[in-house]
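Notes follow the structure.
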Amino acid sequence: GSTFKPFVYGLALEAGISACHMIPDVEWGFKKGEFGLLKDWAPQNGEPFSGVEVSLKYGLANSMNNITAWVMKRFTPQAAVEYAHKCGIKSKIDPVPALALGVADISLYEMVSAYSTFANKGMRMEPLYLLRIEDKDGSVIWEADQDIKEVMSPENAYKVIDLMTGVTKGELGGPVDPDLGRPRKTGTAMRLHYDHPKREYDGIPWDVEIAGKTGTTQGNSDGWFMGVVPDLVTGVWVGAEDRSVRFLSTSWGQGANTALPIWAFYMKKVWKDKSLKVEQRPFDIPESLKNVNFDCDNNNQEQDPFASGKPIDLDDLYGD
């Protein structure tokens with residue numbers, strides 16, 4: 001599901017496009033013949049497009065399929081496959097436009113491994129389950145050698161981490177809310193921080209940085225949540241081996257309702273157990289990025305280095 005989207009957005013960030021780059025919230029799709037399509041295809045978001053410009057960071061925070069399609073169309077499905085493999089995914093992935101929505105079958109093990117590349121500052125580390133073997137006296141008789149490879153710069157890895165913090169902190173954007181008189185701040189995993197009287201897993205302080213991504217597959221068969229904190233990457237999957245077993249509606253089956261609460265209950269226990277040494281601390285910012293403003297709500301929008309020149313006339317796209 002949508003937990004694949006950070007690999008798509010990572011392409012744009014690595015190419016130099018800012019997370020604060022603005023994209024019109026309109027239909028973005030693919031024509032018949034593009035990337036082997038047999039007919040035109042454009043993903044929907046489950047609600048009408050607003051027509052207003054939103055940042056890439058807002059698009060990921062709210063898991064907007066059309067904004068992901070905009071990125072995929074620009075960089076191609078094959079590039080997304082190669083980026084995912086670079087991060088550590090080993091499963092075969094078909095380079096199709098719908099990959100923007102996460103149609104590939106990828107194991108939880110692989111997803112946790114690949115997300116750890118971002119947390120490890122661009123270092124791809126082959127996961128290990130057996131670290132060493134000791135004899136009865138505690139002497140080490142065998143120790144694993146971990147395969148470590150730098151696959152992206154610490155700067156690009158941090159940019160993806162920052163992008164995913166918008167999922168939990170929320171991003172300002174979308175149409176004007178009539179009750180507020182301004183756009184609303186939204187994100188699919190903001191509930192981690194809100195202290196709701198009927199939930200016990202939320203209420204995590206807002207200053208605790210969490211990079212994450214929710215995911216839901218076709219027909220509500222699978223609910224996902226990938227959660228990243230500086231010392232630990234954790235993935236949660238809720239589903240059944242038989243894909244015909246599914247929730248009756250997205251309101252029940254979405255990853256934010258199924259997998260996210262499990263992650264939050266688990267992390268609260270992890271943070272409480274000091275012996276695990278998993279701290280509530282900010283992500284390390286590379287020295288070269290310490291003066292960069294990552295707040296799209298208060299940021300002068302950075303120019304897309306791949307822009308064709310003439311600004312988009314929104315009236316030409318969808319009228320006034």
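By order in the structure tokens, chains are A, B, ...; within a chain, residues start at 1; ligands start at 1, following the order shown.
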Long-range neighbours of A:Gly227 as an mmCIF file with N, CA, C and O atoms, in the first residue's frame, 10 Å cut-off, only C-alpha atoms, 3 positions minimum in chain:
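The new file result-v1.cif reads:
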data_model
loop_
_atom_site.group_PDB
_atom_site.id
_atom_site.type_symbol
_atom_site.label_atom_id
_atom_site.label_comp_id
_atom_site.auth_asym_id
_atom_site.auth_seq_id
_atom_site.Cartn_x
_atom_site.Cartn_y
_atom_site.Cartn_z
ATOM 1 N N VAL A 112 10.914 -2.943 6.656
ATOM 2 C CA VAL A 112 11.655 -2.441 7.821
ATOM 3 C C VAL A 112 13.123 -2.246 7.450
ATOM 4 O O VAL A 112 13.752 -1.239 7.803
ATOM 5 N N TYR A 115 13.407 0.940 5.130
ATOM 6 C CA TYR A 115 13.188 2.188 5.869
ATOM 7 C C TYR A 115 14.382 2.502 6.771
ATOM 8 O O TYR A 115 14.675 3.664 7.045
ATOM 9 N N MET A 164 8.703 12.387 6.031
ATOM 10 C CA MET A 164 7.800 11.461 6.717
ATOM 11 C C MET A 164 7.357 11.971 8.088
ATOM 12 O O MET A 164 6.365 11.478 8.625
ATOM 13 N N THR A 165 8.071 12.950 8.654
ATOM 14 C CA THR A 165 7.583 13.517 9.921
ATOM 15 C C THR A 165 6.305 14.305 9.698
ATOM 16 O O THR A 165 5.518 14.501 10.631
ATOM 17 N N THR A 168 3.100 12.468 10.725
ATOM 18 C CA THR A 168 2.710 12.420 12.135
ATOM 19 C C THR A 168 2.474 13.812 12.739
ATOM 20 O O THR A 168 1.643 13.963 13.617
ATOM 21 N N ALA A 189 -1.297 10.278 10.315
ATOM 22 C CA ALA A 189 -0.896 9.677 11.595
ATOM 23 C C ALA A 189 -0.798 10.715 12.705
ATOM 24 O O ALA A 189 -0.136 10.471 13.724
ATOM 25 N N ILE A 210 8.709 11.632 15.142
ATOM 26 C CA ILE A 210 8.375 10.319 14.588
ATOM 27 C C ILE A 210 8.215 10.488 13.085
ATOM 28 O O ILE A 210 7.432 11.321 12.626
ATOM 29 N N ALA A 211 8.970 9.734 12.319
ATOM 30 C CA ALA A 211 8.764 9.670 10.879
ATOM 31 C C ALA A 211 7.955 8.413 10.600
ATOM 32 O O ALA A 211 8.275 7.343 11.120
ATOM 33 N N GLY A 212 6.907 8.527 9.826
ATOM 34 C CA GLY A 212 6.066 7.352 9.631
ATOM 35 C C GLY A 212 5.308 7.381 8.331
ATOM 36 O O GLY A 212 5.337 8.358 7.581
ATOM 37 N N LYS A 213 4.626 6.287 8.051
ATOM 38 C CA LYS A 213 3.753 6.210 6.887
ATOM 39 C C LYS A 213 2.712 5.132 7.109
ATOM 40 O O LYS A 213 3.028 4.001 7.487
ATOM 41 N N THR A 214 1.467 5.516 6.889
ATOM 42 C CA THR A 214 0.355 4.572 6.941
ATOM 43 C C THR A 214 0.189 3.913 5.580
ATOM 44 O O THR A 214 0.642 4.432 4.560
ATOM 45 N N TRP A 224 -1.184 -1.171 7.248
ATOM 46 C CA TRP A 224 0.243 -1.030 7.529
ATOM 47 C C TRP A 224 0.524 0.244 8.313
ATOM 48 O O TRP A 224 -0.176 1.253 8.159
ATOM 49 N N LEU A 232 15.313 3.344 16.260
ATOM 50 C CA LEU A 232 14.560 2.120 15.986
ATOM 51 C C LEU A 232 13.593 2.313 14.817
ATOM 52 O O LEU A 232 12.903 3.320 14.726
ATOM 53 N N VAL A 233 13.567 1.312 13.939
ATOM 54 C CA VAL A 233 12.587 1.263 12.846
ATOM 55 C C VAL A 233 11.679 0.067 13.081
ATOM 56 O O VAL A 233 12.165 -1.042 13.320
ATOM 57 N N THR A 234 10.390 0.291 13.037
ATOM 58 C CA THR A 234 9.424 -0.770 13.307
ATOM 59 C C THR A 234 8.308 -0.736 12.273
ATOM 60 O O THR A 234 7.805 0.332 11.928
ATOM 61 N N GLY A 235 7.924 -1.905 11.806
ATOM 62 C CA GLY A 235 6.798 -2.003 10.888
ATOM 63 C C GLY A 235 5.722 -2.882 11.476
ATOM 64 O O GLY A 235 6.016 -3.876 12.148
ATOM 65 N N VAL A 236 4.478 -2.512 11.237
ATOM 66 C CA VAL A 236 3.335 -3.299 11.708
ATOM 67 C C VAL A 236 2.431 -3.603 10.521
ATOM 68 O O VAL A 236 2.075 -2.697 9.752
ATOM 69 N N LEU A 260 -1.455 1.289 13.107
ATOM 70 C CA LEU A 260 -0.881 2.404 13.873
ATOM 71 C C LEU A 260 -1.065 2.254 15.382
ATOM 72 O O LEU A 260 -0.115 2.477 16.143
ATOM 73 N N TRP A 263 1.537 -0.086 16.821
ATOM 74 C CA TRP A 263 2.866 0.540 16.875
ATOM 75 C C TRP A 263 2.971 1.463 18.086
ATOM 76 O O TRP A 263 3.969 1.464 18.795
ATOM 77 N N ALA A 264 1.930 2.252 18.324
ATOM 78 C CA ALA A 264 1.969 3.234 19.411
ATOM 79 C C ALA A 264 2.005 2.552 20.785
ATOM 80 O O ALA A 264 2.782 2.942 21.661
ATOM 81 N N MET A 267 5.523 1.122 21.106
ATOM 82 C CA MET A 267 6.586 2.118 21.302
ATOM 83 C C MET A 267 6.542 2.728 22.701
ATOM 84 O O MET A 267 7.582 3.049 23.284
#
Backbone-only DSSP, helix (DSSP H, G or I) members of stretch 99-135 of chain A, as number ranges by chain: A: 99-101, 108-119
Could you give me, as JSON lines, every stretch 24-114 of chain A residue with an atom at most 12 Å from stretch 125-129 of chain A, plus its closest atom pair and distance in Å to one decimal, counting only C-alpha atoms, rows ordered by chain then number?
{"residue": "A:Lys86", "atom": "CA", "partner": "A:Met125", "partner_atom": "CA", "distance": 11.2}
{"residue": "A:Cys87", "atom": "CA", "partner": "A:Met125", "partner_atom": "CA", "distance": 9.3}
{"residue": "A:Gly88", "atom": "CA", "partner": "A:Glu126", "partner_atom": "CA", "distance": 7.9}
{"residue": "A:Ile89", "atom": "CA", "partner": "A:Glu126", "partner_atom": "CA", "distance": 10.7}
{"residue": "A:Lys90", "atom": "CA", "partner": "A:Glu126", "partner_atom": "CA", "distance": 11.2}
{"residue": "A:Tyr109", "atom": "CA", "partner": "A:Pro127", "partner_atom": "CA", "distance": 8.9}
{"residue": "A:Glu110", "atom": "CA", "partner": "A:Pro127", "partner_atom": "CA", "distance": 9.2}
{"residue": "A:Met111", "atom": "CA", "partner": "A:Pro127", "partner_atom": "CA", "distance": 11.3}
{"residue": "A:Val112", "atom": "CA", "partner": "A:Pro127", "partner_atom": "CA", "distance": 9.3}
{"residue": "A:Ser113", "atom": "CA", "partner": "A:Pro127", "partner_atom": "CA", "distance": 6.5}
{"residue": "A:Ala114", "atom": "CA", "partner": "A:Met125", "partner_atom": "CA", "distance": 8.9}
Restrict the selected residues to all heavy atoms and save them as a PDB file, in the first residue's frame.
ATOM      1  N   LYS A  86      17.675  -0.092  -4.266  1.00  0.00           N
ATOM      2  CA  LYS A  86      18.856   0.531  -3.666  1.00  0.00           C
ATOM      3  C   LYS A  86      18.712   0.618  -2.154  1.00  0.00           C
ATOM      4  O   LYS A  86      19.677   0.433  -1.405  1.00  0.00           O
ATOM      5  CB  LYS A  86      19.045   1.933  -4.263  1.00  0.00           C
ATOM      6  CG  LYS A  86      20.223   2.687  -3.682  1.00  0.00           C
ATOM      7  CD  LYS A  86      20.424   4.043  -4.351  1.00  0.00           C
ATOM      8  CE  LYS A  86      19.392   5.051  -3.929  1.00  0.00           C
ATOM      9  NZ  LYS A  86      19.740   6.418  -4.406  1.00  0.00           N
ATOM     10  N   CYS A  87      17.491   0.883  -1.686  1.00  0.00           N
ATOM     11  CA  CYS A  87      17.244   1.009  -0.247  1.00  0.00           C
ATOM     12  C   CYS A  87      17.234  -0.332   0.470  1.00  0.00           C
ATOM     13  O   CYS A  87      17.355  -0.373   1.697  1.00  0.00           O
ATOM     14  CB  CYS A  87      15.918   1.728   0.000  1.00  0.00           C
ATOM     15  SG  CYS A  87      15.934   3.479  -0.443  1.00  0.00           S
ATOM     16  N   GLY A  88      17.083  -1.426  -0.288  1.00  0.00           N
ATOM     17  CA  GLY A  88      17.143  -2.736   0.357  1.00  0.00           C
ATOM     18  C   GLY A  88      16.022  -3.695   0.014  1.00  0.00           C
ATOM     19  O   GLY A  88      16.034  -4.836   0.463  1.00  0.00           O
ATOM     20  N   ILE A  89      15.037  -3.251  -0.776  1.00  0.00           N
ATOM     21  CA  ILE A  89      13.984  -4.174  -1.212  1.00  0.00           C
ATOM     22  C   ILE A  89      14.586  -5.174  -2.194  1.00  0.00           C
ATOM     23  O   ILE A  89      15.271  -4.788  -3.143  1.00  0.00           O
ATOM     24  CB  ILE A  89      12.828  -3.412  -1.892  1.00  0.00           C
ATOM     25  CG1 ILE A  89      12.211  -2.387  -0.942  1.00  0.00           C
ATOM     26  CG2 ILE A  89      11.767  -4.389  -2.405  1.00  0.00           C
ATOM     27  CD1 ILE A  89      11.548  -2.961   0.266  1.00  0.00           C
ATOM     28  N   LYS A  90      14.332  -6.456  -1.983  1.00  0.00           N
ATOM     29  CA  LYS A  90      14.893  -7.479  -2.855  1.00  0.00           C
ATOM     30  C   LYS A  90      13.842  -8.185  -3.710  1.00  0.00           C
ATOM     31  O   LYS A  90      14.184  -8.856  -4.681  1.00  0.00           O
ATOM     32  CB  LYS A  90      15.666  -8.514  -2.012  1.00  0.00           C
ATOM     33  CG  LYS A  90      16.902  -7.918  -1.337  1.00  0.00           C
ATOM     34  CD  LYS A  90      17.706  -8.975  -0.607  1.00  0.00           C
ATOM     35  CE  LYS A  90      18.970  -8.365  -0.012  1.00  0.00           C
ATOM     36  NZ  LYS A  90      19.787  -9.368   0.710  1.00  0.00           N
ATOM     37  N   TYR A 109       9.483  -7.665   6.578  1.00  0.00           N
ATOM     38  CA  TYR A 109      10.931  -7.736   6.831  1.00  0.00           C
ATOM     39  C   TYR A 109      11.685  -6.796   5.882  1.00  0.00           C
ATOM     40  O   TYR A 109      12.555  -6.034   6.301  1.00  0.00           O
ATOM     41  CB  TYR A 109      11.376  -9.179   6.637  1.00  0.00           C
ATOM     42  CG  TYR A 109      12.869  -9.424   6.695  1.00  0.00           C
ATOM     43  CD1 TYR A 109      13.519  -9.675   7.899  1.00  0.00           C
ATOM     44  CD2 TYR A 109      13.627  -9.428   5.523  1.00  0.00           C
ATOM     45  CE1 TYR A 109      14.878  -9.914   7.947  1.00  0.00           C
ATOM     46  CE2 TYR A 109      14.993  -9.667   5.557  1.00  0.00           C
ATOM     47  CZ  TYR A 109      15.611  -9.909   6.768  1.00  0.00           C
ATOM     48  OH  TYR A 109      16.957 -10.142   6.809  1.00  0.00           O
ATOM     49  N   GLU A 110      11.328  -6.841   4.602  1.00  0.00           N
ATOM     50  CA  GLU A 110      12.001  -5.997   3.616  1.00  0.00           C
ATOM     51  C   GLU A 110      11.703  -4.521   3.833  1.00  0.00           C
ATOM     52  O   GLU A 110      12.586  -3.665   3.668  1.00  0.00           O
ATOM     53  CB  GLU A 110      11.570  -6.391   2.204  1.00  0.00           C
ATOM     54  CG  GLU A 110      12.128  -7.691   1.698  1.00  0.00           C
ATOM     55  CD  GLU A 110      11.676  -7.970   0.286  1.00  0.00           C
ATOM     56  OE1 GLU A 110      10.509  -8.391   0.120  1.00  0.00           O
ATOM     57  OE2 GLU A 110      12.452  -7.771  -0.652  1.00  0.00           O
ATOM     58  N   MET A 111      10.474  -4.213   4.185  1.00  0.00           N
ATOM     59  CA  MET A 111      10.092  -2.815   4.371  1.00  0.00           C
ATOM     60  C   MET A 111      10.827  -2.199   5.558  1.00  0.00           C
ATOM     61  O   MET A 111      11.313  -1.063   5.484  1.00  0.00           O
ATOM     62  CB  MET A 111       8.579  -2.702   4.565  1.00  0.00           C
ATOM     63  CG  MET A 111       7.779  -2.997   3.310  1.00  0.00           C
ATOM     64  SD  MET A 111       8.108  -1.830   1.965  1.00  0.00           S
ATOM     65  CE  MET A 111       7.269  -0.376   2.594  1.00  0.00           C
ATOM     66  N   VAL A 112      10.914  -2.943   6.656  1.00  0.00           N
ATOM     67  CA  VAL A 112      11.655  -2.441   7.821  1.00  0.00           C
ATOM     68  C   VAL A 112      13.123  -2.246   7.450  1.00  0.00           C
ATOM     69  O   VAL A 112      13.752  -1.239   7.803  1.00  0.00           O
ATOM     70  CB  VAL A 112      11.508  -3.396   9.020  1.00  0.00           C
ATOM     71  CG1 VAL A 112      12.427  -2.983  10.153  1.00  0.00           C
ATOM     72  CG2 VAL A 112      10.066  -3.414   9.509  1.00  0.00           C
ATOM     73  N   SER A 113      13.674  -3.198   6.723  1.00  0.00           N
ATOM     74  CA  SER A 113      15.063  -3.106   6.294  1.00  0.00           C
ATOM     75  C   SER A 113      15.293  -1.869   5.432  1.00  0.00           C
ATOM     76  O   SER A 113      16.263  -1.123   5.631  1.00  0.00           O
ATOM     77  CB  SER A 113      15.431  -4.372   5.509  1.00  0.00           C
ATOM     78  OG  SER A 113      16.678  -4.229   4.872  1.00  0.00           O
ATOM     79  N   ALA A 114      14.410  -1.626   4.470  1.00  0.00           N
ATOM     80  CA  ALA A 114      14.582  -0.504   3.551  1.00  0.00           C
ATOM     81  C   ALA A 114      14.387   0.843   4.248  1.00  0.00           C
ATOM     82  O   ALA A 114      15.138   1.797   3.995  1.00  0.00           O
ATOM     83  CB  ALA A 114      13.606  -0.635   2.385  1.00  0.00           C
TER      84      ALA A 114
END
Which residues of stretch 263-299 of chain A come within 10 Å of stretch 170-183 of chain A, and what is each one's closest atom pair and distance in Å (one decimal), counting only C-alpha atoms, sorted by chain and residue number, as JSON lines?
{"residue": "A:Asp295", "atom": "CA", "partner": "A:Glu171", "partner_atom": "CA", "distance": 9.0}
{"residue": "A:Cys296", "atom": "CA", "partner": "A:Glu171", "partner_atom": "CA", "distance": 7.9}
{"residue": "A:Asp297", "atom": "CA", "partner": "A:Leu172", "partner_atom": "CA", "distance": 6.1}
{"residue": "A:Asn298", "atom": "CA", "partner": "A:Leu172", "partner_atom": "CA", "distance": 9.8}
Closest of A:Leu60, A:Val208, A:Val245, A:Val96 to A:Gly36 - atom-to-atom distances counting only C-alpha atoms: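 Among the listed residues, the smallest separation from A:Gly36 belongs to A:Val96.
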Contacts of A:Tyr201 at 10 Å (only C-alpha atoms; same-chain gap of 5+ positions) as a list in words: Arg191, Leu192, His193, Tyr194, Asp195, His196, Leu260, Pro261, Ile262, Trp263, Ala264, Phe265, Tyr266, Met267 and Lys268 of chain A
Residue nearest A:Thr186 among A:Met22, A:Ile17, A:Met64, A:Val81 (counting only C-alpha atoms): A:Met64
Among listed residues A:Ala61, A:Asp145, A:Trp206, A:Ile67, nearest A:Leu163 (using only C-alpha atoms): A:Ala61
